[in-house]
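Participant: Pasting in a structure now, in structure tokens, and then I'll have a few things to ask.
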Amino acid sequence: MSKSTTEPVQPLSTEQLSATTLLRFATAGSVDDGKSTLVGRLLHDSKSVLTDQLEAVERVSQDRGQDAPDLALLTDGLRAEREQGITIDVAYRYFATARRRFILADTPGHVQYTRNMVTGASTADLAVVLVDARNGVIEQTRRHAAVAALLRVPHVVLAVNKMDLVAYEEKVFAKIAEEFTAYASELGVPEITAIPISALAGDNVVEPSSNMDWYGGPTVLEHLETVPVSHDLSTCHARLPVQYVIRPQTAEHPDYRGYAGQIAAGAFRVGESVTVLPSGRSSKITGIDLLGTAVDVAWTPQSVTLLLEDDIDISRGDLLVPSGDTPPTSQDIEATVCHVADTALTVGQRVLLKHTTRTVKAIVKEIPSRLTLDDLSQHPEPGQLVANDIGRVKVRTAEPLALDAYADSRRTGSFLLIDPADGTTLAAGMAGDAFAEAAEAVAETVAPADDEGWDF
């Protein structure tokens with residue numbers, strides 16, 4: 001990233017340093033593995049539940065004839081969830097301890113709600129994958145591990161739950177931990193921590209368990225409080241997707257022209273040379289407005305307005321980047337996608353591709369492979385992807401786009417494929433290579449010609 005010659009790099013401010021105390025994490029796992037109970041136990045034992053919330057849970061539990069409060073009700077807020085005893089929607093909860101602040105996403109376990117797990121984990125720094133100690137690693141466990149790996153979640157915790165139902169046997173935990181670790185490591189997950197727990201009884205959730213003296217590692221909360229979270233802004237590729245062009249044209253500001261948006265990554269400084277993509281035109285930052293105040297430097301995720309030295313054509317959907325750190329622009333996108341719609345994604349299908357603030361027409365030119373979760377092999381040329389499939393796609397867009405590799409930037413390397421007919425989200429895409437290296441060996445085929453106006 002290019003740096004201004006007129007502005008020295010400043011140390012992190014108090015606001016920047018405080019960001020390192022925030023951990024975003026998601027829970028995942030198969031149906032009835034105990035995700036909501038774990039989250040409820042975590043909130044309850046860390047004293048993060050309001051009195052009226054706990055009283056409401058106690059009343060509902062008593063009405064059901066339960067002796068103890070059902071802590072899963074703290075997160076299962078939908079009526080259908082409480083009636084069925086399952087999680088359907090992503091439940092977000094905010095809590096804090098003396099050591100760190102947390103934003104957690106309790107995601108569904110049912111296969112048909114895997115799309116919601118993608119939503120919850122897309123911004124997570126850590127994923128907690130639960131496994132029922134009685135069942136071990138199953139297909140949905142592997143699917144959630146694959147999604148976490150594809151989304152580049154840097155830390156994964158394997159929580160082997162319901163240890164009380166297997167007599168707290170160490171060998172049961174060790175077998176599951178070994179199988180999952182081998183699988184997740186093959187996917188490329190950089191860090192895996194296995195913890196034996198009983199969410200219902202509270203073993204190793206917040207307090208260490210006296211029933212598993214053979215385990216000497218951290219509790220779930222202890223690990224969440226101490227896991228390193230990197231917010232090194234200096235190494236990020238600076239990116240600002242333009243959301244709005246501000247031109248007041250008032251007597252006070254007759255010539256004001258600012259380009260507003262939320263900084264997706266990195267930092268921008270006054271005096272820095274920037275390039276507008278996809279046009280490729282360059283200018284220099286003459287000012288940065290933040291909440292009505294002029295500043296010399298701004299960083300992610302601040303919402304700012306940049307003022308440029310030259311009057312050049314910039315509109316919503318353009319991307320401002322440092323001139324020395326420009327991503328390539330292309331109309332041919334190859335990516336890994338998680339298909340989230342009930343309708344299939346097929347070769348030749350017309351879609352809309354939404355990348356940051358830019359939405360363009362596109363055609364699915366090829367689906368080279370679909371991932372087989374059992375052994376991580378690639379099924380070549382499947383022809384389509386159905387709900388919850390993970391596969392490689394090649395897309396041709398009507399206009400050039402500037403995408404980073406998802407491995408370099410989770411914000412500017414991701415996109416959505418949308419049905420142009422009704423606006424339904426079809427797939428969540430991650431540009432560049434994923435863990436599916438076998439897909440690269442699949443021979444390219446020629447996509448069928450399009451004669452209805454969307455052949456790019």
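Lettering and numbering for the structure tokens are positional, with chains as A, B, ... in the shown order, residues counted from 1 in each chain, and ligands counted from 1 in the shown order.
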What's the 7 Å shell around range 24-37 of chain A, counting only C-alpha atoms, without same-chain residues fewer than 5 positions away, as JSON, numbers by chain?
Facilitator: {"A": [71, 72, 75, 76, 102, 103, 104, 105, 106, 107, 108, 109, 110, 117, 120, 121, 124, 125, 126, 127, 128, 129, 130, 131, 132, 140, 141, 144, 161, 199, 200]}
Participant: Take the selection from the previous step and output its residues with N, CA, C and O atoms, as a short mmCIF file (atom, residue, chain, number, x, y, z; two decimals), in the first residue's frame.
Facilitator:
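Written out: out.cif:
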```cif
data_model
loop_
_atom_site.label_atom_id
_atom_site.label_comp_id
_atom_site.auth_asym_id
_atom_site.auth_seq_id
_atom_site.Cartn_x
_atom_site.Cartn_y
_atom_site.Cartn_z
N LEU A 71 -31.99 -23.11 29.28
CA LEU A 71 -31.19 -21.96 28.88
C LEU A 71 -31.19 -21.73 27.37
O LEU A 71 -30.82 -20.65 26.91
N ALA A 72 -31.58 -22.74 26.59
CA ALA A 72 -31.65 -22.57 25.14
C ALA A 72 -32.68 -21.51 24.77
O ALA A 72 -32.59 -20.89 23.71
N THR A 75 -31.81 -17.85 23.55
CA THR A 75 -31.45 -17.49 22.18
C THR A 75 -32.51 -17.89 21.18
O THR A 75 -32.64 -17.25 20.13
N ASP A 76 -33.28 -18.94 21.43
CA ASP A 76 -34.33 -19.35 20.50
C ASP A 76 -35.54 -18.44 20.68
O ASP A 76 -36.46 -18.72 21.44
N PHE A 102 -18.01 -9.22 23.24
CA PHE A 102 -18.35 -10.29 22.31
C PHE A 102 -19.60 -9.97 21.52
O PHE A 102 -20.55 -9.39 22.04
N ILE A 103 -19.58 -10.36 20.24
CA ILE A 103 -20.78 -10.44 19.42
C ILE A 103 -20.86 -11.87 18.93
O ILE A 103 -19.98 -12.34 18.21
N LEU A 104 -21.91 -12.58 19.33
CA LEU A 104 -22.02 -13.99 18.95
C LEU A 104 -23.22 -14.20 18.05
O LEU A 104 -24.24 -13.50 18.15
N ALA A 105 -23.09 -15.14 17.15
CA ALA A 105 -24.18 -15.52 16.24
C ALA A 105 -24.46 -17.00 16.45
O ALA A 105 -23.62 -17.85 16.15
N ASP A 106 -25.63 -17.30 16.99
CA ASP A 106 -26.05 -18.70 17.19
C ASP A 106 -26.75 -19.13 15.91
O ASP A 106 -27.86 -18.69 15.61
N THR A 107 -26.10 -19.99 15.13
CA THR A 107 -26.61 -20.34 13.80
C THR A 107 -27.32 -21.69 13.81
O THR A 107 -27.06 -22.53 14.66
N PRO A 108 -28.21 -21.92 12.83
CA PRO A 108 -29.02 -23.15 12.81
C PRO A 108 -28.19 -24.39 12.49
O PRO A 108 -27.13 -24.32 11.88
N GLY A 109 -28.74 -25.55 12.88
CA GLY A 109 -28.07 -26.81 12.60
C GLY A 109 -28.70 -27.61 11.48
O GLY A 109 -28.04 -28.45 10.87
N HIS A 110 -29.98 -27.35 11.17
CA HIS A 110 -30.65 -28.09 10.12
C HIS A 110 -29.97 -27.84 8.77
O HIS A 110 -29.52 -26.73 8.48
N MET A 117 -25.97 -20.23 8.45
CA MET A 117 -24.65 -20.39 9.04
C MET A 117 -23.62 -19.58 8.26
O MET A 117 -22.72 -18.98 8.82
N GLY A 120 -23.97 -16.01 9.44
CA GLY A 120 -23.43 -15.78 10.78
C GLY A 120 -21.92 -15.85 10.85
O GLY A 120 -21.29 -15.13 11.63
N ALA A 121 -21.31 -16.71 10.03
CA ALA A 121 -19.86 -16.90 10.10
C ALA A 121 -19.08 -15.98 9.17
O ALA A 121 -17.86 -15.93 9.24
N ALA A 124 -17.13 -13.59 11.24
CA ALA A 124 -16.65 -14.12 12.52
C ALA A 124 -15.13 -14.24 12.54
O ALA A 124 -14.49 -14.58 11.54
N ASP A 125 -14.56 -13.97 13.72
CA ASP A 125 -13.14 -14.22 13.96
C ASP A 125 -12.91 -15.64 14.45
O ASP A 125 -11.79 -16.14 14.41
N LEU A 126 -13.98 -16.27 14.93
CA LEU A 126 -13.88 -17.61 15.51
C LEU A 126 -15.20 -18.32 15.32
O LEU A 126 -16.26 -17.70 15.39
N ALA A 127 -15.13 -19.63 15.09
CA ALA A 127 -16.34 -20.45 14.98
C ALA A 127 -16.27 -21.58 16.00
O ALA A 127 -15.24 -22.24 16.12
N VAL A 128 -17.35 -21.76 16.74
CA VAL A 128 -17.47 -22.88 17.67
C VAL A 128 -18.34 -23.93 17.00
O VAL A 128 -19.53 -23.70 16.76
N VAL A 129 -17.75 -25.08 16.66
CA VAL A 129 -18.49 -26.17 16.03
C VAL A 129 -18.76 -27.23 17.09
O VAL A 129 -17.83 -27.82 17.65
N LEU A 130 -20.04 -27.46 17.37
CA LEU A 130 -20.42 -28.44 18.39
C LEU A 130 -20.61 -29.82 17.77
O LEU A 130 -21.10 -29.95 16.65
N VAL A 131 -20.25 -30.82 18.53
CA VAL A 131 -20.44 -32.22 18.15
C VAL A 131 -21.04 -32.96 19.34
O VAL A 131 -20.57 -32.80 20.47
N ASP A 132 -22.07 -33.73 19.10
CA ASP A 132 -22.64 -34.58 20.14
C ASP A 132 -21.68 -35.74 20.38
O ASP A 132 -21.35 -36.49 19.46
N GLN A 140 -23.12 -33.07 8.59
CA GLN A 140 -23.36 -31.65 8.84
C GLN A 140 -22.19 -31.02 9.58
O GLN A 140 -21.89 -29.83 9.38
N THR A 141 -21.51 -31.78 10.42
CA THR A 141 -20.30 -31.28 11.07
C THR A 141 -19.25 -30.94 10.03
O THR A 141 -18.60 -29.90 10.09
N HIS A 144 -20.20 -27.75 8.12
CA HIS A 144 -19.92 -26.52 8.86
C HIS A 144 -18.42 -26.25 8.92
O HIS A 144 -18.00 -25.09 8.86
N ASN A 161 -19.76 -31.84 22.94
CA ASN A 161 -20.80 -31.61 23.93
C ASN A 161 -21.42 -32.92 24.42
O ASN A 161 -21.21 -33.98 23.83
N ALA A 199 -22.85 -28.63 28.03
CA ALA A 199 -23.52 -27.34 28.10
C ALA A 199 -24.66 -27.37 29.10
O ALA A 199 -24.92 -26.39 29.80
N LEU A 200 -25.34 -28.51 29.19
CA LEU A 200 -26.47 -28.62 30.10
C LEU A 200 -26.02 -28.54 31.55
O LEU A 200 -26.63 -27.85 32.38
#
```
Participant: Can you pull out every residue within 8 Å of Lys394 in chain A, counting only C-alpha atoms, but drop anything in the same chain fewer than 2 positions away, and send it as a VMD selection string?
Facilitator: chain A and resid 332 to 335 364 to 368 392 396
Participant: For the selection just defined, write its residues with all heavy atoms to a file, as a compact mmCIF listing (two decimals), in the first residue's frame.
Facilitator:
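Saved the output as selection.txt:
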```
# COMPACT_ATOMS: atom_id res chain seq x y z
N ASP A 332 -14.18 -11.76 -16.07
CA ASP A 332 -14.23 -13.20 -15.85
C ASP A 332 -13.86 -13.50 -14.41
O ASP A 332 -12.72 -13.30 -13.99
CB ASP A 332 -13.28 -13.91 -16.81
CG ASP A 332 -13.71 -13.75 -18.27
OD1 ASP A 332 -14.83 -14.19 -18.60
OD2 ASP A 332 -12.94 -13.17 -19.05
N ILE A 333 -14.83 -13.99 -13.67
CA ILE A 333 -14.66 -14.26 -12.25
C ILE A 333 -14.71 -15.76 -12.01
O ILE A 333 -15.64 -16.44 -12.44
CB ILE A 333 -15.77 -13.58 -11.42
CG1 ILE A 333 -15.92 -12.11 -11.79
CG2 ILE A 333 -15.51 -13.75 -9.93
CD1 ILE A 333 -14.71 -11.26 -11.55
N GLU A 334 -13.70 -16.28 -11.33
CA GLU A 334 -13.71 -17.68 -10.90
C GLU A 334 -13.70 -17.70 -9.38
O GLU A 334 -12.89 -17.02 -8.75
CB GLU A 334 -12.52 -18.45 -11.45
CG GLU A 334 -12.57 -19.93 -11.10
CD GLU A 334 -11.58 -20.78 -11.87
OE1 GLU A 334 -10.83 -20.21 -12.69
OE2 GLU A 334 -11.55 -22.01 -11.65
N ALA A 335 -14.60 -18.46 -8.81
CA ALA A 335 -14.78 -18.40 -7.37
C ALA A 335 -15.38 -19.69 -6.83
O ALA A 335 -15.88 -20.53 -7.58
CB ALA A 335 -15.69 -17.22 -7.01
N VAL A 364 -23.61 -17.30 -15.63
CA VAL A 364 -22.84 -18.44 -15.13
C VAL A 364 -22.34 -19.22 -16.34
O VAL A 364 -23.11 -19.90 -17.02
CB VAL A 364 -23.70 -19.34 -14.22
CG1 VAL A 364 -22.89 -20.53 -13.73
CG2 VAL A 364 -24.23 -18.53 -13.04
N LYS A 365 -21.07 -19.11 -16.64
CA LYS A 365 -20.51 -19.74 -17.82
C LYS A 365 -20.16 -21.21 -17.60
O LYS A 365 -20.21 -22.02 -18.53
CB LYS A 365 -19.25 -18.98 -18.27
CG LYS A 365 -19.55 -17.65 -18.95
CD LYS A 365 -20.21 -17.87 -20.29
CE LYS A 365 -20.38 -16.58 -21.07
NZ LYS A 365 -21.01 -16.81 -22.39
N GLU A 366 -19.78 -21.53 -16.38
CA GLU A 366 -19.34 -22.91 -16.13
C GLU A 366 -19.43 -23.22 -14.64
O GLU A 366 -19.25 -22.33 -13.80
CB GLU A 366 -17.89 -23.07 -16.62
CG GLU A 366 -17.37 -24.50 -16.63
CD GLU A 366 -15.95 -24.59 -17.18
OE1 GLU A 366 -15.49 -23.62 -17.80
OE2 GLU A 366 -15.32 -25.64 -16.97
N ILE A 367 -19.73 -24.47 -14.33
CA ILE A 367 -19.65 -24.98 -12.96
C ILE A 367 -18.67 -26.15 -13.00
O ILE A 367 -19.06 -27.29 -13.24
CB ILE A 367 -21.03 -25.42 -12.43
CG1 ILE A 367 -22.02 -24.26 -12.50
CG2 ILE A 367 -20.90 -25.92 -10.99
CD1 ILE A 367 -23.42 -24.60 -12.04
N PRO A 368 -17.37 -25.87 -12.83
CA PRO A 368 -16.36 -26.91 -13.02
C PRO A 368 -16.47 -28.08 -12.05
O PRO A 368 -16.17 -29.23 -12.43
CB PRO A 368 -15.03 -26.16 -12.80
CG PRO A 368 -15.36 -24.72 -13.01
CD PRO A 368 -16.76 -24.56 -12.53
N ARG A 392 -17.30 -24.79 -7.40
CA ARG A 392 -16.58 -23.77 -8.15
C ARG A 392 -17.45 -23.29 -9.30
O ARG A 392 -18.14 -24.09 -9.94
CB ARG A 392 -15.26 -24.33 -8.69
CG ARG A 392 -14.29 -24.81 -7.63
CD ARG A 392 -13.60 -23.68 -6.93
NE ARG A 392 -12.67 -22.98 -7.78
CZ ARG A 392 -11.99 -21.89 -7.40
NH1 ARG A 392 -12.18 -21.39 -6.19
NH2 ARG A 392 -11.15 -21.30 -8.23
N ARG A 396 -19.17 -14.66 -16.08
CA ARG A 396 -18.80 -13.57 -16.96
C ARG A 396 -19.71 -12.39 -16.68
O ARG A 396 -20.93 -12.52 -16.73
CB ARG A 396 -18.95 -14.01 -18.42
CG ARG A 396 -18.72 -12.92 -19.45
CD ARG A 396 -17.26 -12.63 -19.67
NE ARG A 396 -17.07 -11.73 -20.83
CZ ARG A 396 -15.89 -11.24 -21.19
NH1 ARG A 396 -14.81 -11.57 -20.53
NH2 ARG A 396 -15.80 -10.44 -22.23
```
Participant: Using only C-alpha atoms, which protein or nucleic acid residues come within 12 Å of Ser279 in chain A? Drop anything in the same chain fewer than 5 positions from it, and give the result as a ChimeraX atom specification.
Facilitator: /A:312-315,317-321,326,328-330,399-402
Participant: Using the selection just defined, write its residues with N, CA and C atoms as a CSV table (one decimal), in the first residue's frame.
Facilitator:
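Output file selection-v4.csv follows:
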```
chain,number,residue,atom,x,y,z
A,312,ILE,N,-13.1,14.2,-11.5
A,312,ILE,CA,-13.2,13.1,-12.4
A,312,ILE,C,-14.5,12.4,-12.1
A,313,ASP,N,-14.9,11.6,-13.1
A,313,ASP,CA,-16.2,10.9,-13.1
A,313,ASP,C,-16.2,9.7,-12.1
A,314,ILE,N,-16.9,9.9,-11.0
A,314,ILE,CA,-16.9,8.8,-10.0
A,314,ILE,C,-18.4,8.7,-9.6
A,315,SER,N,-18.9,7.4,-9.5
A,315,SER,CA,-20.3,7.2,-9.1
A,315,SER,C,-20.4,6.0,-8.2
A,317,GLY,N,-20.7,2.5,-6.7
A,317,GLY,CA,-20.2,1.3,-7.2
A,317,GLY,C,-18.7,1.3,-7.6
A,318,ASP,N,-18.1,2.5,-7.8
A,318,ASP,CA,-16.7,2.6,-8.1
A,318,ASP,C,-15.9,2.3,-6.8
A,319,LEU,N,-14.7,1.9,-7.0
A,319,LEU,CA,-13.8,1.5,-5.9
A,319,LEU,C,-12.6,2.4,-5.8
A,320,LEU,N,-12.3,3.1,-4.7
A,320,LEU,CA,-11.2,3.9,-4.5
A,320,LEU,C,-10.1,3.1,-3.8
A,321,VAL,N,-8.9,3.1,-4.4
A,321,VAL,CA,-7.8,2.3,-3.8
A,321,VAL,C,-6.5,3.1,-3.9
A,326,THR,N,-3.4,-1.6,-6.5
A,326,THR,CA,-4.6,-1.8,-7.2
A,326,THR,C,-4.9,-3.2,-7.5
A,328,PRO,N,-6.5,-6.3,-9.7
A,328,PRO,CA,-6.9,-6.4,-11.1
A,328,PRO,C,-8.3,-6.3,-11.4
A,329,THR,N,-8.7,-5.8,-12.5
A,329,THR,CA,-10.1,-5.7,-12.9
A,329,THR,C,-10.3,-6.7,-14.1
A,330,SER,N,-11.5,-7.4,-14.0
A,330,SER,CA,-11.8,-8.4,-15.0
A,330,SER,C,-13.3,-8.6,-15.1
A,399,GLU,N,-19.7,-5.9,-17.0
A,399,GLU,CA,-18.8,-4.8,-16.8
A,399,GLU,C,-17.6,-5.3,-15.9
A,400,PRO,N,-16.4,-4.7,-16.1
A,400,PRO,CA,-15.3,-5.2,-15.3
A,400,PRO,C,-15.5,-4.9,-13.8
A,401,LEU,N,-15.0,-5.8,-13.0
A,401,LEU,CA,-15.1,-5.6,-11.5
A,401,LEU,C,-13.6,-5.8,-11.0
A,402,ALA,N,-13.4,-5.1,-9.8
A,402,ALA,CA,-12.1,-5.1,-9.1
A,402,ALA,C,-12.3,-5.9,-7.9
```
Participant: May I have the residues within 8 Å of range 168-172 of chain A as number ranges by chain, using only C-alpha atoms and disregarding those fewer than 5 positions away in the same chain?
Facilitator: A: 133, 163, 211-212, 214
Participant: If you keep N, CA and C atoms, can you produce a file of those selected residues as a short mmCIF file (atom, residue, chain, number, x, y, z; two decimals), in the first residue's frame?
Facilitator:
```cif
data_model
loop_
_atom_site.label_atom_id
_atom_site.label_comp_id
_atom_site.auth_asym_id
_atom_site.auth_seq_id
_atom_site.Cartn_x
_atom_site.Cartn_y
_atom_site.Cartn_z
N ALA A 133 -21.22 -35.89 21.61
CA ALA A 133 -20.23 -36.92 21.93
C ALA A 133 -20.74 -38.32 21.60
N MET A 163 -20.82 -34.57 27.12
CA MET A 163 -19.87 -35.53 27.69
C MET A 163 -20.47 -36.25 28.89
N ASN A 211 -15.46 -33.19 36.67
CA ASN A 211 -15.75 -34.53 36.14
C ASN A 211 -14.76 -34.96 35.08
N MET A 212 -13.93 -34.03 34.60
CA MET A 212 -12.96 -34.36 33.55
C MET A 212 -11.58 -33.85 33.97
N TRP A 214 -8.92 -35.23 33.58
CA TRP A 214 -7.91 -35.60 32.57
C TRP A 214 -7.71 -34.48 31.55
#
```
Participant: Mind checking which residues fall within 12 Å of Val274 in chain A, counting only C-alpha atoms, ignoring those fewer than 6 positions away in the same chain, and posting them as a ChimeraX atom specification?
Facilitator: /A:1-4,238-240,267-268,280-286,306-310,319-326
Participant: Keeping only N, CA, C and O atoms, write those residues as a short mmCIF file (atom, residue, chain, number, x, y, z; two decimals), in the first residue's frame.
Facilitator:
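Result saved to out.cif:
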```cif
data_model
loop_
_atom_site.label_atom_id
_atom_site.label_comp_id
_atom_site.auth_asym_id
_atom_site.auth_seq_id
_atom_site.Cartn_x
_atom_site.Cartn_y
_atom_site.Cartn_z
N MET A 1 0.84 -1.18 0.00
CA MET A 1 0.00 0.00 0.00
C MET A 1 0.88 1.23 0.00
O MET A 1 1.84 1.34 0.77
N SER A 2 0.58 2.18 -0.87
CA SER A 2 1.36 3.40 -0.93
C SER A 2 1.07 4.27 0.27
O SER A 2 -0.02 4.28 0.81
N LYS A 3 2.09 5.02 0.72
CA LYS A 3 1.94 5.88 1.89
C LYS A 3 2.21 7.32 1.51
O LYS A 3 3.03 7.62 0.63
N SER A 4 1.55 8.23 2.18
CA SER A 4 1.72 9.64 1.91
C SER A 4 3.12 10.09 2.30
O SER A 4 3.67 9.67 3.33
N ALA A 238 -6.00 -1.15 1.32
CA ALA A 238 -7.00 -0.10 1.55
C ALA A 238 -8.02 -0.09 0.42
O ALA A 238 -7.66 -0.06 -0.76
N ARG A 239 -9.30 -0.10 0.78
CA ARG A 239 -10.38 -0.13 -0.21
C ARG A 239 -11.56 0.70 0.31
O ARG A 239 -11.98 0.55 1.46
N LEU A 240 -12.10 1.56 -0.56
CA LEU A 240 -13.30 2.33 -0.23
C LEU A 240 -14.31 2.20 -1.36
O LEU A 240 -14.18 2.84 -2.40
N ALA A 267 -6.43 1.83 5.44
CA ALA A 267 -6.53 3.23 5.86
C ALA A 267 -6.21 4.15 4.69
O ALA A 267 -5.46 3.78 3.78
N PHE A 268 -6.78 5.35 4.72
CA PHE A 268 -6.52 6.38 3.72
C PHE A 268 -6.01 7.63 4.43
O PHE A 268 -6.46 7.95 5.53
N GLY A 280 -9.78 3.37 -13.82
CA GLY A 280 -8.32 3.45 -13.79
C GLY A 280 -7.78 4.86 -13.67
O GLY A 280 -6.57 5.07 -13.67
N ARG A 281 -8.63 5.87 -13.53
CA ARG A 281 -8.18 7.25 -13.38
C ARG A 281 -7.65 7.49 -11.98
O ARG A 281 -8.14 6.92 -11.01
N SER A 282 -6.64 8.40 -11.88
CA SER A 282 -5.99 8.65 -10.60
C SER A 282 -6.12 10.09 -10.18
O SER A 282 -6.30 11.00 -11.01
N SER A 283 -6.05 10.33 -8.87
CA SER A 283 -6.07 11.66 -8.30
C SER A 283 -5.39 11.60 -6.93
O SER A 283 -4.81 10.56 -6.57
N LYS A 284 -5.49 12.68 -6.17
CA LYS A 284 -4.87 12.74 -4.85
C LYS A 284 -5.92 13.19 -3.84
O LYS A 284 -6.76 14.04 -4.12
N ILE A 285 -5.86 12.61 -2.64
CA ILE A 285 -6.80 12.96 -1.58
C ILE A 285 -6.42 14.32 -1.01
O ILE A 285 -5.30 14.52 -0.53
N THR A 286 -7.34 15.28 -1.08
CA THR A 286 -7.10 16.61 -0.53
C THR A 286 -7.78 16.82 0.82
O THR A 286 -7.47 17.77 1.53
N LEU A 306 -14.36 11.27 1.09
CA LEU A 306 -13.06 11.66 0.55
C LEU A 306 -13.23 12.79 -0.46
O LEU A 306 -14.15 12.76 -1.29
N LEU A 307 -12.35 13.78 -0.38
CA LEU A 307 -12.29 14.88 -1.35
C LEU A 307 -11.04 14.71 -2.19
O LEU A 307 -9.95 14.45 -1.65
N LEU A 308 -11.17 14.84 -3.51
CA LEU A 308 -10.05 14.60 -4.42
C LEU A 308 -9.62 15.89 -5.11
O LEU A 308 -10.39 16.85 -5.24
N GLU A 309 -8.37 15.86 -5.55
CA GLU A 309 -7.77 17.02 -6.19
C GLU A 309 -8.40 17.32 -7.55
O GLU A 309 -8.55 18.48 -7.95
N ASP A 310 -8.79 16.27 -8.28
CA ASP A 310 -9.29 16.44 -9.64
C ASP A 310 -10.79 16.15 -9.71
O ASP A 310 -11.32 15.34 -8.96
N LEU A 319 -14.66 1.92 -6.98
CA LEU A 319 -13.81 1.53 -5.86
C LEU A 319 -12.59 2.44 -5.83
O LEU A 319 -11.88 2.56 -6.83
N LEU A 320 -12.34 3.08 -4.68
CA LEU A 320 -11.16 3.92 -4.51
C LEU A 320 -10.09 3.10 -3.79
O LEU A 320 -10.34 2.53 -2.72
N VAL A 321 -8.88 3.06 -4.38
CA VAL A 321 -7.78 2.27 -3.83
C VAL A 321 -6.50 3.08 -3.94
O VAL A 321 -6.39 3.98 -4.77
N PRO A 322 -5.49 2.79 -3.11
CA PRO A 322 -4.20 3.45 -3.27
C PRO A 322 -3.61 3.13 -4.64
O PRO A 322 -3.70 1.99 -5.12
N SER A 323 -3.00 4.12 -5.28
CA SER A 323 -2.50 3.92 -6.64
C SER A 323 -1.41 2.85 -6.71
O SER A 323 -1.24 2.20 -7.74
N GLY A 324 -0.71 2.63 -5.63
CA GLY A 324 0.31 1.59 -5.63
C GLY A 324 -0.17 0.23 -5.21
O GLY A 324 0.63 -0.70 -5.06
N ASP A 325 -1.46 0.07 -5.01
CA ASP A 325 -2.00 -1.20 -4.52
C ASP A 325 -3.37 -1.45 -5.14
O ASP A 325 -4.39 -1.47 -4.47
N THR A 326 -3.38 -1.61 -6.46
CA THR A 326 -4.64 -1.78 -7.18
C THR A 326 -4.89 -3.25 -7.49
O THR A 326 -4.01 -3.93 -8.01
#
```
Participant: Measuring atom to atom with only C-alpha atoms, identify which of A:Ala405, A:Leu416, A:Val156, A:Val220 is nearest to Ala362 in chain A.
Facilitator: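 Smallest distance to Ala362 in chain A is found for A:Leu416.
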Participant: Skip Ile288 in chain A itself and residues of its chain fewer than 2 positions away, then list as a VMD selection string all residues within 6 Å of it, counting only C-alpha atoms.
Facilitator: chain A and resid 294 to 295 305 to 306
Participant: Which is closest to Val160 in chain A among A:Val304, A:Val245, A:Val393, A:Ala174, if we use only C-alpha atoms?
Facilitator: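 Using only C-alpha atoms, the shortest distance to Val160 in chain A belongs to A:Ala174.
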Participant: What residues in range 72-255 of chain A get the DSSP label alpha helix (DSSP H)? Please answer as an MDAnalysis selection string.
Facilitator: chainID A and resid 79:84 114:121 139:150 170:187 220:226
Participant: Counting only C-alpha atoms, figure out which residue out of A:Ala251, A:Val189, A:Thr359, A:Asp289 gets nearest to Pro420 in chain A.
Facilitator: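 Closest residue, counting only C-alpha atoms: A:Thr359.
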Participant: Identify which of the residues A:Val118, A:Val270, A:Val242, A:Ala387 lies closest to Leu151 in chain A, counting only C-alpha atoms when measuring atom-to-atom distances.
Facilitator: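 Between A:Val118, A:Val270, A:Val242, A:Ala387, the residue approaching Leu151 in chain A most closely is A:Val118.
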